[in-house]
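protein-v7.cif, holding mmCIF, C-alpha atoms:
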data_data
loop_
_atom_site.label_atom_id
_atom_site.label_comp_id
_atom_site.auth_asym_id
_atom_site.auth_seq_id
_atom_site.Cartn_x
_atom_site.Cartn_y
_atom_site.Cartn_z
CA MET B 1 -40.76 9.41 5.11
CA ASP B 2 -40.05 9.98 1.41
CA CYS B 3 -37.64 12.89 1.04
CA THR B 4 -38.88 13.58 -2.51
CA THR B 5 -41.87 15.35 -0.94
CA ILE B 6 -39.81 17.45 1.47
CA THR B 7 -39.15 21.13 0.87
CA THR B 8 -37.40 23.44 3.28
CA GLU B 9 -37.77 27.17 3.46
CA GLY B 10 -34.87 28.85 1.71
CA GLN B 11 -33.83 25.67 -0.12
CA THR B 12 -34.34 24.64 -3.73
CA ASP B 13 -37.06 22.04 -4.32
CA LEU B 14 -35.51 18.54 -4.33
CA THR B 15 -37.07 17.68 -7.69
CA THR B 16 -35.42 20.72 -9.22
CA LEU B 17 -32.14 19.78 -7.53
CA ALA B 18 -32.31 16.30 -9.02
CA SER B 19 -32.67 17.77 -12.49
CA GLU B 20 -29.72 20.12 -11.99
CA ILE B 21 -27.59 17.38 -10.41
CA ASN B 22 -28.07 15.07 -13.37
CA ARG B 23 -27.40 17.88 -15.84
CA GLU B 24 -24.09 18.60 -14.14
CA HIS B 25 -23.32 14.89 -13.93
CA ARG B 26 -23.83 14.49 -17.68
CA ALA B 27 -21.72 17.56 -18.36
CA ALA B 28 -18.94 16.20 -16.14
CA THR B 29 -18.82 12.96 -18.07
CA GLU B 30 -19.21 14.48 -21.54
CA THR B 31 -17.15 17.68 -21.47
CA ALA B 32 -13.51 16.87 -20.83
CA LYS B 33 -12.25 20.45 -20.73
CA SER B 34 -14.61 21.64 -17.98
CA ALA B 35 -15.33 18.25 -16.38
CA LEU B 36 -13.81 19.13 -13.02
CA GLU B 37 -15.82 22.32 -12.66
CA HIS B 38 -19.02 20.43 -13.43
CA ALA B 39 -17.99 17.73 -10.96
CA ARG B 40 -17.49 20.38 -8.27
CA ARG B 41 -20.86 21.97 -9.00
CA CYS B 42 -22.52 18.55 -8.99
CA GLY B 43 -20.96 17.89 -5.59
CA GLU B 44 -22.29 21.17 -4.20
CA LEU B 45 -25.81 20.34 -5.39
CA LEU B 46 -25.58 16.82 -4.00
CA SER B 47 -24.55 18.18 -0.60
CA GLU B 48 -27.53 20.54 -0.67
CA ALA B 49 -29.87 17.68 -1.60
CA LYS B 50 -28.47 15.50 1.16
CA GLY B 51 -29.17 18.27 3.65
CA GLY B 52 -32.81 18.30 2.52
CA CYS B 53 -33.34 14.57 3.05
CA PRO B 54 -34.49 13.11 6.39
CA HIS B 55 -32.04 10.93 8.25
CA GLY B 56 -31.68 7.53 6.60
CA ALA B 57 -33.39 8.54 3.33
CA TRP B 58 -30.35 9.79 1.41
CA LEU B 59 -29.31 6.57 -0.33
CA ALA B 60 -32.88 5.81 -1.37
CA TRP B 61 -33.19 9.31 -2.82
CA LEU B 62 -29.94 8.87 -4.75
CA GLU B 63 -31.09 5.56 -6.19
CA SER B 64 -34.35 7.10 -7.38
CA ASN B 65 -33.05 10.46 -8.60
CA PHE B 66 -29.33 10.31 -9.43
CA GLU B 67 -28.12 8.78 -12.69
CA GLY B 68 -24.71 7.90 -11.23
CA THR B 69 -23.70 5.54 -8.43
CA PRO B 70 -23.64 6.39 -4.71
CA ARG B 71 -19.84 6.09 -4.81
CA LEU B 72 -19.63 8.64 -7.62
CA ALA B 73 -21.93 10.97 -5.69
CA GLN B 74 -19.59 10.70 -2.71
CA GLN B 75 -16.61 11.54 -4.95
CA TYR B 76 -18.39 14.59 -6.38
CA MET B 77 -19.14 15.85 -2.87
CA ARG B 78 -15.54 15.23 -1.81
CA VAL B 79 -14.26 17.39 -4.65
CA ALA B 80 -16.71 20.16 -3.72
CA ASP B 81 -15.90 20.00 0.00
CA ARG B 82 -12.15 20.11 -0.60
CA TRP B 83 -12.08 22.50 -3.53
CA PRO B 84 -9.86 25.05 -1.71
CA GLU B 85 -7.29 22.29 -1.14
CA ILE B 86 -7.40 21.31 -4.82
CA THR B 87 -6.90 24.87 -6.07
CA ALA B 88 -4.11 25.49 -3.54
CA ASN B 89 -2.12 22.49 -4.81
CA THR B 90 -2.66 23.07 -8.54
CA LYS B 91 -1.45 25.94 -10.73
CA HIS B 92 -3.89 25.33 -13.57
CA VAL B 93 -7.15 23.84 -12.31
CA SER B 94 -8.59 23.92 -15.83
CA HIS B 95 -6.00 21.34 -16.86
CA LEU B 96 -6.76 19.06 -13.92
CA SER B 97 -8.89 15.96 -14.51
CA PHE B 98 -11.55 14.64 -12.16
CA ARG B 99 -9.41 11.55 -11.47
CA GLU B 100 -6.40 13.71 -10.58
CA ALA B 101 -8.54 15.78 -8.21
CA LEU B 102 -9.64 12.59 -6.47
CA ARG B 103 -6.01 11.56 -6.14
CA LEU B 104 -5.12 14.91 -4.57
CA THR B 105 -7.89 14.55 -2.00
CA ALA B 106 -7.36 10.85 -1.25
CA GLU B 107 -6.69 9.95 2.35
CA PRO B 108 -3.06 8.89 2.89
CA LYS B 109 -2.57 5.17 3.31
CA PRO B 110 -1.36 4.09 6.73
CA ALA B 111 2.34 3.37 6.87
CA ALA B 112 3.16 -0.30 6.47
CA THR B 113 4.30 -1.94 9.66
CA THR B 114 7.19 -4.36 9.69
CA ARG B 115 6.22 -7.61 11.31
CA ASP B 116 8.71 -9.15 13.70
CA TYR B 117 8.38 -12.85 12.97
CA PHE B 118 10.63 -13.71 15.90
CA ALA B 119 8.97 -11.55 18.53
CA GLY B 120 9.27 -13.06 21.98
CA VAL B 121 12.62 -14.70 21.29
CA ASP B 122 14.93 -15.01 24.31
CA GLU B 123 17.23 -12.07 23.62
CA ASP B 124 19.76 -13.20 26.25
CA PHE B 125 20.03 -16.56 24.51
CA ALA B 126 20.34 -14.89 21.10
CA ALA B 127 23.18 -12.74 22.46
CA LEU B 128 25.20 -15.90 23.21
CA ILE B 129 25.27 -16.98 19.56
CA PRO B 130 28.35 -15.74 17.68
CA GLU B 131 27.96 -13.72 14.51
CA LEU B 132 27.31 -15.99 11.55
CA SER B 133 29.97 -15.95 8.85
CA PRO B 134 30.02 -17.58 5.39
CA ASP B 135 33.46 -19.07 6.05
CA ARG B 136 33.02 -20.34 9.61
CA MET B 137 31.04 -23.19 11.15
CA LEU B 138 29.33 -22.63 14.51
CA HIS B 139 28.89 -25.29 17.16
CA GLY B 140 26.95 -25.12 20.40
CA LEU B 141 26.87 -27.31 23.52
CA ASP B 142 24.74 -27.27 26.64
CA GLU B 143 26.85 -27.38 29.80
CA HIS B 144 23.91 -28.96 31.64
CA ASP B 145 22.84 -31.41 28.93
CA ARG B 146 25.54 -33.12 26.85
CA SER B 147 23.09 -35.32 24.97
CA TYR B 148 22.89 -32.99 21.98
CA LEU B 149 25.13 -30.88 19.77
CA VAL B 150 24.25 -28.01 17.44
CA GLU B 151 26.17 -27.18 14.27
CA VAL B 152 25.57 -24.37 11.79
CA HIS B 153 27.28 -24.96 8.44
CA PRO B 154 27.55 -22.22 5.81
CA SER B 155 26.19 -23.17 2.41
CA ARG B 156 28.85 -23.40 -0.28
CA GLU B 157 26.39 -22.81 -3.12
CA HIS B 158 24.50 -19.95 -1.44
CA PRO B 159 26.76 -17.52 0.48
CA GLY B 160 24.96 -16.00 3.45
CA TYR B 161 22.74 -19.08 3.87
CA TYR B 162 23.26 -21.85 6.42
CA HIS B 163 22.37 -25.45 7.28
CA LEU B 164 21.31 -26.15 10.86
CA LEU B 165 22.11 -29.61 12.29
CA VAL B 166 21.05 -30.86 15.72
CA TYR B 167 22.60 -34.17 16.83
CA ARG B 168 20.39 -35.88 19.43
CA ASN B 169 21.29 -38.60 21.94
CA LEU B 170 24.99 -38.33 21.17
CA ASP B 171 25.86 -41.45 23.14
CA GLU B 172 23.45 -43.40 20.92
CA LEU B 173 24.11 -41.60 17.64
CA ASP B 174 25.02 -44.86 15.88
CA GLY B 175 22.41 -46.83 17.79
CA PRO B 176 18.63 -47.11 17.60
CA ASP B 177 17.97 -43.96 19.66
CA GLY B 178 20.41 -41.55 18.02
CA TRP B 179 19.25 -39.22 15.28
CA VAL B 180 20.07 -35.96 13.52
CA ASP B 181 17.66 -33.14 12.74
CA PHE B 182 18.74 -30.87 9.88
CA ASN B 183 17.50 -28.58 7.13
CA SER B 184 18.67 -29.78 3.73
CA ARG B 185 17.65 -26.48 2.14
CA PRO B 186 19.82 -23.64 3.48
CA LEU B 187 18.20 -20.71 5.27
CA LYS B 188 19.36 -17.13 5.68
CA PHE B 189 19.83 -17.37 9.43
CA THR B 190 20.47 -14.51 11.82
CA ALA B 191 21.35 -14.98 15.48
CA ARG B 192 17.76 -14.13 16.54
CA MET B 193 16.27 -16.46 13.94
CA LEU B 194 18.60 -19.26 15.02
CA ALA B 195 17.74 -18.67 18.68
CA TYR B 196 14.05 -18.82 17.78
CA PHE B 197 14.41 -22.13 15.91
CA LEU B 198 16.43 -23.77 18.68
CA ASP B 199 14.14 -22.51 21.43
CA ARG B 200 11.18 -23.98 19.54
CA GLN B 201 12.94 -27.34 19.73
CA GLY B 202 13.42 -26.96 23.47
CA ILE B 203 17.20 -26.59 23.40
CA LYS B 204 19.43 -23.67 24.36
CA PRO B 205 23.16 -24.31 24.00
CA THR B 206 25.09 -22.31 26.56
CA ILE B 207 28.60 -22.78 25.14
CA TRP B 208 29.25 -21.59 21.60
CA GLY B 209 32.32 -21.62 19.41
CA SER B 210 33.31 -21.35 15.78
CA LYS B 211 35.99 -22.69 13.50
CA PRO B 212 36.81 -22.52 9.80
CA ALA B 213 34.17 -24.23 7.72
CA LYS B 214 35.10 -27.68 6.44
CA LYS B 215 35.45 -28.32 2.76
CA GLU B 216 33.50 -31.53 3.22
CA VAL B 217 30.03 -30.96 4.60
CA PRO B 218 28.07 -33.61 6.58
CA TRP B 219 26.52 -36.29 4.40
CA MET B 220 23.01 -35.00 5.14
CA ILE B 221 23.59 -31.83 3.15
CA GLU B 222 25.68 -33.18 0.30
CA THR B 223 24.64 -32.62 -3.27
CA GLY B 224 23.39 -35.61 -5.21
CA ALA B 225 26.67 -35.93 -7.13
CA GLU B 226 28.74 -35.74 -3.93
CA ARG B 227 26.63 -38.38 -2.26
CA MET B 228 26.97 -40.72 -5.25
CA GLU B 229 30.74 -40.23 -5.27
CA ARG B 230 31.01 -41.03 -1.56
CA LEU B 231 28.86 -44.13 -1.86
CA CYS B 232 30.91 -45.32 -4.81
CA ARG B 233 34.11 -44.94 -2.84
CA ARG B 234 32.62 -47.15 -0.15
CA ALA B 235 31.51 -49.75 -2.67
CA LYS B 236 34.51 -50.15 -4.94
CA GLU B 237 33.75 -53.82 -5.24
CA ARG B 238 30.80 -52.87 -7.44
CA PRO B 239 32.34 -52.13 -10.85
CA GLU B 240 29.02 -50.92 -12.25
CA CYS B 241 29.03 -47.99 -9.82
CA THR B 242 30.57 -44.97 -11.48
CA THR B 243 30.71 -41.33 -10.58
CA PRO B 244 28.42 -39.19 -12.76
#

Whole structure, structure tokens version:
Amino acid sequence: MDCTTITTEGQTDLTTLASEINREHRAATETAKSALEHARRCGELLSEAKGGCPHGAWLAWLESNFEGTPRLAQQYMRVADRWPEITANTKHVSHLSFREALRLTAEPKPAATTRDYFAGVDEDFAALIPELSPDRMLHGLDEHDRSYLVEVHPSREHPGYYHLLVYRNLDELDGPDGWVDFNSRPLKFTARMLAYFLDRQGIKPTIWGSKPAKKEVPWMIETGAERMERLCRRAKERPECTTP
């Protein structure tokens, strides 16, 4: 059913409403001083027109009869519906712009939730790990599995950041089956984050300790200059090798 042909007893003819709506719309966009009042009146007329349209015919009527967009029509009606709220929160409504009125009536954004990236971590395991310190190195052993060792070295260049080293197959560390897993780029570990990383690798050291951090870090996390210096010391027979 086309709502342009509908009239309801006691209501203004929809064709007349369309004319008034567009007049108020033009006034709202052209007259800055009284734009908000015209926007409110346009919203009231739009609400009346919507009430005169059959269910499902409102958007089609807007497209055929309203010079603005459906979104703008919705904003006009919002200003009209919440006019008491606007006037209650503003001392001088005549100085208020249409955009400011929309801001006053905007729905509050939901509060941002903080995501726990380490949800599900074994809290009992995390409680075993000592507090990380920029001047102490942590080490962890498993009383039931002595094949691996965990070390947490503080970064010298980035205080508060740490290198994690996991020595595997300790009895074969210098053989074909021994290896070391480590992060060359330091991370800002916490006890929970460290517990999460270790648990993901299937290891949970049960005995933890700490001691003052060494001045010399393991070769895996040396800087390029330090590594070159160490290699040169081991190859003094090569006169062309010099420290940069």

Residue members of the PyMOL selection byres ((chain B and resi 18-26) around 8) in the file shown, as a PyMOL selection string: chain B and resi 14-17+27-30+38-39+41-42+45-46+49+65-68

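Close contacts of Phe189 of chain B, defined as residues with an atom at most 7 Å away when counting all atoms listed in the file, with chain neighbours fewer than 4 positions off set aside, comprise Tyr161, Tyr162, Met193 and Leu194 of chain B.
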
Kindly assemble as CSV a list of the segment 143-197 of chain B residues that lie within 8 Å of segment 125-136 of chain B, each paired with its nearest atom pair and their distance in Å to one decimal, using only C-alpha atoms, sorted first by chain and then by ascending residue number.
residue,atom,partner,partner_atom,distance
B:His153,CA,B:Arg136,CA,7.5
B:Pro154,CA,B:Pro134,CA,5.3
B:Ser155,CA,B:Pro134,CA,7.4
B:Pro159,CA,B:Pro134,CA,5.9
B:Gly160,CA,B:Pro134,CA,5.6
B:Tyr161,CA,B:Pro134,CA,7.6
B:Phe189,CA,B:Leu132,CA,7.9
B:Thr190,CA,B:Leu132,CA,7.0
B:Ala191,CA,B:Ala126,CA,5.7
B:Arg192,CA,B:Ala126,CA,5.3
B:Leu194,CA,B:Ala126,CA,7.7
B:Ala195,CA,B:Ala126,CA,5.2

Could you take the residues named above and write them with C-alpha atoms, as a CSV table (one decimal), keeping the file's coordinate frame?
chain,number,residue,atom,x,y,z
B,153,HIS,CA,27.3,-25.0,8.4
B,154,PRO,CA,27.6,-22.2,5.8
B,155,SER,CA,26.2,-23.2,2.4
B,159,PRO,CA,26.8,-17.5,0.5
B,160,GLY,CA,25.0,-16.0,3.4
B,161,TYR,CA,22.7,-19.1,3.9
B,189,PHE,CA,19.8,-17.4,9.4
B,190,THR,CA,20.5,-14.5,11.8
B,191,ALA,CA,21.4,-15.0,15.5
B,192,ARG,CA,17.8,-14.1,16.5
B,194,LEU,CA,18.6,-19.3,15.0
B,195,ALA,CA,17.7,-18.7,18.7

Evaluating the PyMOL selection byres ((chain B and resi 47) around 10) on the displayed file yields which residues, as a VMD selection string? chain B and resid 41 to 46 48 to 52 73 to 74 76 to 78 80 to 81

By how many Å are atom CA of Glu37 of chain B and atom CA of Phe98 of chain B apart?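 Between atom CA of Glu37 of chain B and atom CA of Phe98 of chain B the gap is 8.8 Å.
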
Determine the nearest neighbour of Leu141 of chain B from the options B:Thr90, B:Thr69, B:Thr206, B:Gln75, counting only C-alpha atoms.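 Answer, going by the shortest atom-to-atom distance: B:Thr206.
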
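For the pair atom CA of Leu187 of chain B and atom CA of Glu143 of chain B, the separation is 26.9 Å.
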